[in-house]
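Chemist: Okay, so here is input_20.txt, and as you'll see once you scroll down, it has compact mmCIF, C-alpha atoms.
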# COMPACT_ATOMS: atom_id res chain seq x y z
CA MET A 160 85.39 158.82 -9.84
CA SER A 161 88.13 159.10 -12.45
CA ARG A 162 87.37 160.84 -15.69
CA GLY A 163 87.14 158.56 -18.73
CA ARG A 164 89.61 158.83 -21.59
CA THR A 165 88.40 161.25 -24.28
CA TYR A 166 91.09 160.64 -26.88
CA ARG A 167 92.16 157.83 -29.18
CA ILE A 168 95.59 156.32 -28.57
CA GLU A 169 96.08 155.89 -32.32
CA ALA A 170 95.53 159.61 -32.92
CA VAL A 171 97.95 160.54 -30.15
CA LEU A 172 100.61 158.23 -31.59
CA GLU A 173 100.13 159.73 -35.04
CA THR A 174 100.63 163.33 -33.90
CA ALA A 175 103.48 162.34 -31.59
CA LYS A 176 105.08 160.47 -34.50
CA GLU A 177 105.07 163.59 -36.65
CA THR A 178 106.65 165.57 -33.81
CA PHE A 179 109.44 163.05 -33.23
CA TRP A 180 109.90 162.72 -36.99
CA ARG A 181 110.43 166.46 -37.42
CA LEU A 182 112.40 167.21 -34.26
CA GLY A 183 114.06 163.94 -33.29
CA TYR A 184 113.84 162.33 -29.88
CA ASP A 185 116.04 164.83 -28.05
CA GLY A 186 114.62 167.81 -29.94
CA ALA A 187 111.02 166.96 -29.10
CA ALA A 188 110.38 168.41 -25.66
CA VAL A 189 107.41 167.24 -23.64
CA SER A 190 105.90 170.69 -24.24
CA ASP A 191 106.12 170.04 -27.99
CA LEU A 192 104.32 166.75 -27.53
CA GLU A 193 101.67 168.45 -25.39
CA ALA A 194 101.09 171.05 -28.09
CA ALA A 195 100.94 168.47 -30.87
CA THR A 196 98.64 165.99 -29.14
CA GLY A 197 96.53 168.44 -27.18
CA LEU A 198 97.16 166.42 -24.03
CA SER A 199 98.74 167.56 -20.80
CA ARG A 200 101.98 166.11 -19.50
CA SER A 201 100.06 164.17 -16.86
CA SER A 202 97.72 162.69 -19.47
CA LEU A 203 100.63 161.65 -21.68
CA TYR A 204 102.42 160.06 -18.76
CA GLN A 205 99.24 158.37 -17.57
CA ALA A 206 98.74 156.85 -21.02
CA PHE A 207 102.36 155.94 -21.84
CA GLY A 208 104.33 156.15 -18.62
CA SER A 209 107.21 158.27 -19.88
CA LYS A 210 108.63 160.02 -22.93
CA PRO A 211 110.88 157.02 -23.77
CA ARG A 212 107.88 154.70 -23.59
CA LEU A 213 105.84 157.03 -25.80
CA PHE A 214 108.66 157.08 -28.34
CA ALA A 215 108.93 153.29 -28.26
CA CYS A 216 105.21 153.04 -29.05
CA VAL A 217 105.57 155.61 -31.83
CA LEU A 218 108.52 153.78 -33.35
CA ASP A 219 106.67 150.47 -33.23
CA ALA A 220 103.64 152.02 -34.95
CA TYR A 221 105.90 153.61 -37.58
CA ILE A 222 107.69 150.33 -38.33
CA CYS A 223 104.39 148.46 -38.60
CA GLY A 224 102.51 151.14 -40.52
CA PHE A 225 105.16 152.63 -42.81
CA ILE A 226 108.20 150.37 -43.08
CA GLY A 227 106.18 147.14 -43.09
CA PRO A 228 104.15 147.93 -46.21
CA LEU A 229 107.30 149.07 -48.03
CA LEU A 230 109.07 145.79 -47.32
CA GLU A 231 106.11 143.44 -47.62
CA PRO A 232 106.66 142.61 -51.33
CA LEU A 233 110.34 141.91 -50.66
CA GLU A 234 109.61 139.76 -47.64
CA ALA A 235 106.93 137.63 -49.31
CA LYS A 236 107.67 133.91 -49.51
CA ARG A 237 107.39 134.13 -53.29
CA ALA A 238 108.46 137.72 -53.88
CA PRO A 239 107.85 139.01 -57.42
CA ALA A 240 110.95 138.89 -59.63
CA ASP A 241 110.97 142.67 -59.87
CA ALA A 242 110.30 143.32 -56.16
CA VAL A 243 113.75 144.79 -55.50
CA ASP A 244 113.55 147.07 -58.52
CA ARG A 245 110.08 148.23 -57.50
CA PHE A 246 111.24 148.94 -53.95
CA VAL A 247 114.04 151.23 -55.14
CA ARG A 248 111.70 153.04 -57.54
CA GLN A 249 109.14 153.49 -54.77
CA LEU A 250 111.87 154.85 -52.50
CA ARG A 251 112.83 157.34 -55.21
CA GLU A 252 109.20 158.43 -55.50
CA LEU A 253 109.03 159.03 -51.74
CA PHE A 254 112.02 161.34 -52.07
CA VAL A 255 110.10 163.60 -54.46
CA ALA A 256 106.56 163.30 -53.06
CA GLY A 257 106.80 166.38 -50.83
CA GLY A 258 105.61 164.65 -47.64
CA LEU A 259 107.42 163.95 -44.40
CA PRO A 260 109.73 161.29 -45.94
CA SER A 261 111.06 163.72 -48.53
CA ARG A 262 111.68 166.42 -45.91
CA TYR A 263 112.69 164.51 -42.81
CA GLY A 264 113.80 161.11 -44.07
CA CYS A 265 112.95 157.92 -42.19
CA LEU A 266 112.03 158.09 -38.51
CA TRP A 267 113.70 154.75 -37.84
CA VAL A 268 116.93 155.69 -39.63
CA ASN A 269 116.95 159.14 -38.01
CA SER A 270 116.66 157.55 -34.58
CA ILE A 271 119.48 155.10 -35.26
CA VAL A 272 121.72 157.98 -36.34
CA GLU A 273 120.67 160.14 -33.37
CA PHE A 274 121.63 157.50 -30.82
CA ALA A 275 124.64 156.04 -32.61
CA GLY A 276 127.63 155.74 -30.29
CA ARG A 277 125.75 156.98 -27.24
CA ASP A 278 126.04 155.08 -24.00
CA GLY A 279 122.99 154.76 -21.84
CA ALA A 280 120.48 155.84 -24.50
CA PRO A 281 117.03 156.39 -22.98
CA VAL A 282 115.31 154.29 -25.63
CA ASP A 283 116.12 151.25 -27.76
CA VAL A 284 115.88 152.33 -31.40
CA ARG A 285 116.27 148.73 -32.60
CA ALA A 286 119.28 149.38 -34.81
CA ALA A 287 120.30 145.73 -35.14
CA GLU A 288 116.74 144.85 -36.10
CA TYR A 289 116.81 147.47 -38.86
CA TRP A 290 119.93 146.06 -40.50
CA ASP A 291 118.79 142.46 -40.13
CA ARG A 292 115.37 143.15 -41.56
CA MET A 293 116.59 145.23 -44.50
CA SER A 294 119.34 142.77 -45.41
CA CYS A 295 117.00 139.78 -45.12
CA ALA A 296 114.32 141.51 -47.20
CA PHE A 297 116.74 142.32 -50.01
CA SER A 298 118.31 138.88 -49.81
CA ASN A 299 114.89 137.25 -50.10
CA GLY A 300 113.94 139.47 -53.02
CA LEU A 301 117.16 138.64 -54.85
CA ARG A 302 116.84 134.92 -54.19
CA CYS A 303 113.28 134.90 -55.48
CA ALA A 304 114.39 136.76 -58.60
CA ALA A 305 117.20 134.25 -59.14
CA SER A 306 114.80 131.33 -58.74
CA ARG A 307 112.79 132.73 -61.63
CA GLU A 308 115.77 132.21 -63.92
CA ARG A 309 116.86 135.81 -63.82
CA ASP A 310 120.54 135.25 -63.18
CA ASP A 311 123.03 133.73 -60.75
CA LEU A 312 122.92 136.25 -57.91
CA THR A 313 125.49 134.53 -55.71
CA PRO A 314 126.52 135.89 -53.30
CA SER A 315 123.09 137.49 -52.82
CA GLU A 316 123.94 138.38 -49.21
CA ASP A 317 126.71 140.69 -50.38
CA ARG A 318 124.40 142.45 -52.80
CA ALA A 319 121.63 142.56 -50.20
CA GLY A 320 124.03 144.25 -47.79
CA LEU A 321 124.97 146.77 -50.46
CA LEU A 322 121.33 147.62 -51.10
CA ALA A 323 120.58 147.92 -47.38
CA ALA A 324 123.50 150.32 -46.92
CA ALA A 325 122.52 152.36 -49.98
CA THR A 326 118.93 152.61 -48.75
CA PHE A 327 120.17 153.84 -45.37
CA ALA A 328 122.35 156.41 -47.15
CA GLY A 329 119.41 157.60 -49.23
CA TRP A 330 117.28 158.15 -46.12
CA VAL A 331 120.05 160.15 -44.46
CA THR A 332 120.81 162.16 -47.60
CA VAL A 333 117.24 163.20 -48.38
CA ARG A 334 117.11 165.33 -45.23
CA ALA A 335 119.80 167.60 -46.67
CA ASP A 336 119.42 167.23 -50.43
CA SER A 337 116.53 165.41 -52.08
CA ALA A 338 118.19 165.55 -55.50
CA ARG A 339 121.23 163.70 -54.18
CA ALA A 340 118.95 161.17 -52.49
CA ARG A 341 117.25 160.51 -55.81
CA ALA A 342 120.70 160.11 -57.35
CA VAL A 343 121.43 157.40 -54.78
CA CYS A 344 118.36 155.52 -56.00
CA ASP A 345 119.38 156.01 -59.63
CA ARG A 346 122.81 154.63 -58.83
CA MET A 347 121.22 151.63 -57.10
CA LEU A 348 119.10 150.93 -60.18
CA MET A 349 122.12 151.26 -62.43
CA GLU A 350 124.15 148.88 -60.29
CA MET A 351 121.30 146.40 -60.17
CA SER A 352 120.95 146.47 -63.95
CA SER A 353 124.44 144.98 -64.22
CA TRP A 354 123.28 141.95 -62.19
CA TRP A 355 120.82 140.79 -64.84
CA ARG A 356 121.23 139.48 -68.33
CA PRO A 357 119.90 142.09 -70.79
CA ASP A 358 116.85 139.98 -71.65
CA ASP A 359 116.09 139.33 -67.99
CA ALA A 360 116.08 142.89 -66.63
CA PRO A 361 113.05 143.47 -64.39
CA GLY A 362 110.46 145.55 -66.20
Could you render the structure as structure tokens?

Modeler:
Amino acid sequence: MSRGRTYRIEAVLETAKETFWRLGYDGAAVSDLEAATGLSRSSLYQAFGSKPRLFACVLDAYICGFIGPLLEPLEAKRAPADAVDRFVRQLRELFVAGGLPSRYGCLWVNSIVEFAGRDGAPVDVRAAEYWDRMSCAFSNGLRCAASRERDDLTPSEDRAGLLAAATFAGWVTVRADSARARAVCDRMLMEMSSWWRPDDAPG
């Protein structure tokens, strides 16, 4: 008779996520994952099939549990007029909070950078999805702001692309210099302030 599972998948994903977040995909050896989760290699493989599959599950949980809540206000059908401003300020706060984001950046962004330009990568880090989702979220936030008589934000797609790229840069920068990452956010806020009439600036 096989022995029943004595661990929670969610707990394993959480500890594995922190390991991949700190060390990266390549840097996280199976022995590191064993030590972090308390499971043997055979148990990990029985539950997830392989290291790439485990990482894919971790990345999916991270996108749903961390990135999703950050973007939810921007992605809402009727996003608040100040949703974009609030997102950038929240990002800035993450860069000074002292947790994993301020020390290791964004797991999704890190993974995109790690596998950039590599042929035959062992795992799909969903790079195209990242850019599409970020650009669409910012575009939606800007359109909703414009519809509330803020300003003419055309072409909002250009500005959305700028914000998506700046956000990516902030996540990469914070790993080396949190002060410079905060400066990226400050520059984003300054640039955004020029898009609004003085009496319409998001508060």

Chemist: Please write as a ChimeraX atom specification the list of polymer residues whose atoms come within 10 Å of (116.4, 148.1, -34.1), counting only C-alpha atoms and keeping to the coordinates of the file.

Modeler: /A:218,222,267-268,270-271,283-292

Chemist: Report, in Å with one decimal, the straight-line distance from atom CA of Asp244 of chain A to atom CA of Ile226 of chain A.

Modeler: 16.7 Å

Chemist: What is the distance, in Å and to one decimal place, between atom CA of Ala206 of chain A and atom CA of Asp191 of chain A?

Modeler: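 Taking atom CA of Ala206 of chain A and atom CA of Asp191 of chain A, their separation equals 16.6 Å.
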
Chemist: How many Å lie between atom CA of Gly197 of chain A and atom CA of Asp219 of chain A, rounded to one decimal?

Modeler: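 Value for the atom CA of Gly197 of chain A-atom CA of Asp219 of chain A distance: 21.5 Å.
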
Chemist: Would you list the contacts of segment 319-326 of chain A as an NGL selection string, taking every protein, DNA or RNA residue within 6 Å and counting all atoms listed in the file, but skipping same-chain residues closer than 4 positions in sequence?

Modeler: :A and (293-294 or 297-298 or 315)

Chemist: Can you spit out the residues from that selection as a short mmCIF file (atom, residue, chain, number, x, y, z; two decimals), in the coordinates of the input, using C-alpha atoms?

Modeler:
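What landed in again.cif:
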data_model
loop_
_atom_site.label_atom_id
_atom_site.label_comp_id
_atom_site.auth_asym_id
_atom_site.auth_seq_id
_atom_site.Cartn_x
_atom_site.Cartn_y
_atom_site.Cartn_z
CA MET A 293 116.59 145.23 -44.50
CA SER A 294 119.34 142.77 -45.41
CA PHE A 297 116.74 142.32 -50.01
CA SER A 298 118.31 138.88 -49.81
CA SER A 315 123.09 137.49 -52.82
#

Chemist: Counting all atoms listed in the file, figure out which residue out of A:Phe327, A:Ser306, A:Phe274, A:Leu348 gets nearest to Arg237 of chain A.

Modeler: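 Ranking A:Phe327, A:Ser306, A:Phe274, A:Leu348 by distance to Arg237 of chain A, first place goes to A:Ser306.
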
Chemist: Name the residues in contact with Lys176 of chain A at a cut-off of 10 Å, using only C-alpha atoms, excluding same-chain residues fewer than 3 positions from it; report them as a PyMOL selection string.

Modeler: chain A and resi 170-173+179-183+192+195+213-214+216-218+220-221+266

Chemist: Could you please take those selected residues and save C-alpha atoms as a CSV table (one decimal), in the coordinates of the input?

Modeler:
chain,number,residue,atom,x,y,z
A,170,ALA,CA,95.5,159.6,-32.9
A,171,VAL,CA,98.0,160.5,-30.2
A,172,LEU,CA,100.6,158.2,-31.6
A,173,GLU,CA,100.1,159.7,-35.0
A,179,PHE,CA,109.4,163.0,-33.2
A,180,TRP,CA,109.9,162.7,-37.0
A,181,ARG,CA,110.4,166.5,-37.4
A,182,LEU,CA,112.4,167.2,-34.3
A,183,GLY,CA,114.1,163.9,-33.3
A,192,LEU,CA,104.3,166.8,-27.5
A,195,ALA,CA,100.9,168.5,-30.9
A,213,LEU,CA,105.8,157.0,-25.8
A,214,PHE,CA,108.7,157.1,-28.3
A,216,CYS,CA,105.2,153.0,-29.0
A,217,VAL,CA,105.6,155.6,-31.8
A,218,LEU,CA,108.5,153.8,-33.4
A,220,ALA,CA,103.6,152.0,-35.0
A,221,TYR,CA,105.9,153.6,-37.6
A,266,LEU,CA,112.0,158.1,-38.5

Chemist: At the level of all heavy atoms, write segment 241-257 of chain A to a file as a CSV table (one decimal), in the first residue's frame, please.

Modeler:
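Listing of selection-v8.csv after writing:
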chain,number,residue,atom,x,y,z
A,241,ASP,N,-7.2,57.2,-10.8
A,241,ASP,CA,-5.9,57.3,-10.3
A,241,ASP,C,-5.2,55.9,-10.1
A,241,ASP,O,-4.2,55.7,-9.4
A,241,ASP,CB,-5.8,58.0,-8.9
A,241,ASP,CG,-6.6,57.2,-7.8
A,241,ASP,OD1,-7.4,56.3,-8.2
A,241,ASP,OD2,-6.5,57.6,-6.6
A,242,ALA,N,-5.7,54.9,-10.9
A,242,ALA,CA,-5.2,53.5,-10.7
A,242,ALA,C,-3.7,53.4,-11.1
A,242,ALA,O,-2.9,52.7,-10.5
A,242,ALA,CB,-6.1,52.5,-11.5
A,243,VAL,N,-3.4,54.1,-12.2
A,243,VAL,CA,-2.0,54.0,-12.7
A,243,VAL,C,-1.1,54.7,-11.7
A,243,VAL,O,0.0,54.1,-11.3
A,243,VAL,CB,-1.8,54.7,-14.1
A,243,VAL,CG1,-0.4,54.7,-14.5
A,243,VAL,CG2,-2.7,54.0,-15.1
A,244,ASP,N,-1.4,55.8,-11.2
A,244,ASP,CA,-0.6,56.5,-10.2
A,244,ASP,C,-0.5,55.7,-8.9
A,244,ASP,O,0.6,55.5,-8.4
A,244,ASP,CB,-1.3,57.9,-9.8
A,244,ASP,CG,-0.5,58.7,-8.9
A,244,ASP,OD1,0.4,59.5,-9.3
A,244,ASP,OD2,-0.7,58.6,-7.6
A,245,ARG,N,-1.6,55.0,-8.5
A,245,ARG,CA,-1.5,54.2,-7.3
A,245,ARG,C,-0.6,53.0,-7.5
A,245,ARG,O,0.2,52.6,-6.6
A,245,ARG,CB,-2.9,53.7,-6.9
A,245,ARG,CG,-3.7,54.8,-6.3
A,245,ARG,CD,-5.0,54.2,-5.8
A,245,ARG,NE,-5.9,55.2,-5.2
A,245,ARG,CZ,-7.1,54.9,-4.6
A,245,ARG,NH1,-7.5,53.6,-4.6
A,245,ARG,NH2,-7.8,55.9,-4.1
A,246,PHE,N,-0.6,52.4,-8.7
A,246,PHE,CA,0.2,51.3,-9.0
A,246,PHE,C,1.7,51.7,-8.9
A,246,PHE,O,2.5,50.9,-8.3
A,246,PHE,CB,0.0,50.8,-10.5
A,246,PHE,CG,1.0,49.7,-10.9
A,246,PHE,CD1,0.7,48.4,-10.6
A,246,PHE,CD2,2.1,50.0,-11.6
A,246,PHE,CE1,1.7,47.4,-10.9
A,246,PHE,CE2,3.1,49.1,-11.9
A,246,PHE,CZ,2.8,47.7,-11.6
A,247,VAL,N,2.1,52.8,-9.5
A,247,VAL,CA,3.5,53.2,-9.4
A,247,VAL,C,3.9,53.5,-8.0
A,247,VAL,O,5.0,53.1,-7.5
A,247,VAL,CB,3.8,54.4,-10.3
A,247,VAL,CG1,5.2,54.9,-10.2
A,247,VAL,CG2,3.4,54.1,-11.8
A,248,ARG,N,3.0,54.1,-7.2
A,248,ARG,CA,3.4,54.4,-5.8
A,248,ARG,C,3.5,53.1,-5.0
A,248,ARG,O,4.3,52.9,-4.1
A,248,ARG,CB,2.3,55.3,-5.2
A,248,ARG,CG,2.3,56.7,-5.8
A,248,ARG,CD,1.4,57.7,-5.1
A,248,ARG,NE,1.3,58.9,-5.9
A,248,ARG,CZ,2.2,59.9,-5.7
A,248,ARG,NH1,3.2,59.7,-4.8
A,248,ARG,NH2,2.1,61.0,-6.4
A,249,GLN,N,2.6,52.1,-5.3
A,249,GLN,CA,2.7,50.8,-4.6
A,249,GLN,C,4.0,50.1,-5.0
A,249,GLN,O,4.6,49.5,-4.1
A,249,GLN,CB,1.5,50.0,-5.0
A,249,GLN,CG,1.4,48.7,-4.2
A,249,GLN,CD,0.1,47.9,-4.5
A,249,GLN,OE1,-0.7,48.3,-5.4
A,249,GLN,NE2,-0.1,46.8,-3.8
A,250,LEU,N,4.4,50.2,-6.3
A,250,LEU,CA,5.6,49.6,-6.7
A,250,LEU,C,6.8,50.2,-5.9
A,250,LEU,O,7.7,49.5,-5.4
A,250,LEU,CB,5.8,49.8,-8.2
A,250,LEU,CG,7.0,49.1,-8.9
A,250,LEU,CD1,6.8,47.6,-8.9
A,250,LEU,CD2,7.1,49.6,-10.3
A,251,ARG,N,6.8,51.5,-5.8
A,251,ARG,CA,7.8,52.2,-5.0
A,251,ARG,C,7.9,51.7,-3.6
A,251,ARG,O,9.0,51.5,-3.0
A,251,ARG,CB,7.6,53.7,-5.1
A,251,ARG,CG,8.8,54.5,-4.6
A,251,ARG,CD,8.5,56.0,-4.5
A,251,ARG,NE,9.7,56.8,-4.3
A,251,ARG,CZ,10.3,57.0,-3.2
A,251,ARG,NH1,9.8,56.3,-2.1
A,251,ARG,NH2,11.4,57.7,-3.0
A,252,GLU,N,6.7,51.5,-3.0
A,252,GLU,CA,6.7,51.0,-1.6
A,252,GLU,C,7.3,49.6,-1.5
A,252,GLU,O,7.9,49.3,-0.5
A,252,GLU,CB,5.2,51.0,-1.1
A,252,GLU,CG,4.6,52.4,-0.9
A,252,GLU,CD,3.2,52.4,-0.5
A,252,GLU,OE1,2.7,51.3,-0.3
A,252,GLU,OE2,2.6,53.5,-0.3
A,253,LEU,N,7.0,48.8,-2.5
A,253,LEU,CA,7.6,47.4,-2.5
A,253,LEU,C,9.1,47.5,-2.5
A,253,LEU,O,9.8,46.6,-1.9
A,253,LEU,CB,7.1,46.7,-3.7
A,253,LEU,CG,5.6,46.1,-3.6
A,253,LEU,CD1,5.2,45.6,-5.0
A,253,LEU,CD2,5.5,45.1,-2.5
A,254,PHE,N,9.6,48.5,-3.2
A,254,PHE,CA,11.1,48.6,-3.3
A,254,PHE,C,11.8,49.0,-2.0
A,254,PHE,O,13.0,49.0,-1.9
A,254,PHE,CB,11.5,49.6,-4.4
A,254,PHE,CG,11.1,49.2,-5.8
A,254,PHE,CD1,11.1,50.1,-6.8
A,254,PHE,CD2,10.9,47.8,-6.1
A,254,PHE,CE1,10.8,49.7,-8.1
A,254,PHE,CE2,10.6,47.4,-7.3
A,254,PHE,CZ,10.5,48.3,-8.4
A,255,VAL,N,11.0,49.5,-1.0
A,255,VAL,CA,11.5,49.9,0.3
A,255,VAL,C,11.1,49.1,1.4
A,255,VAL,O,11.4,49.3,2.6
A,255,VAL,CB,11.2,51.4,0.6
A,255,VAL,CG1,11.8,52.3,-0.5
A,255,VAL,CG2,9.8,51.6,0.7
A,256,ALA,N,10.2,48.1,1.2
A,256,ALA,CA,9.5,47.3,2.2
A,256,ALA,C,10.4,46.4,3.0
A,256,ALA,O,10.1,45.9,4.1
A,256,ALA,CB,8.3,46.6,1.7
A,257,GLY,N,11.6,46.0,2.3
A,257,GLY,CA,12.5,45.1,3.0
A,257,GLY,C,12.2,43.6,2.8
A,257,GLY,O,12.9,42.7,3.3
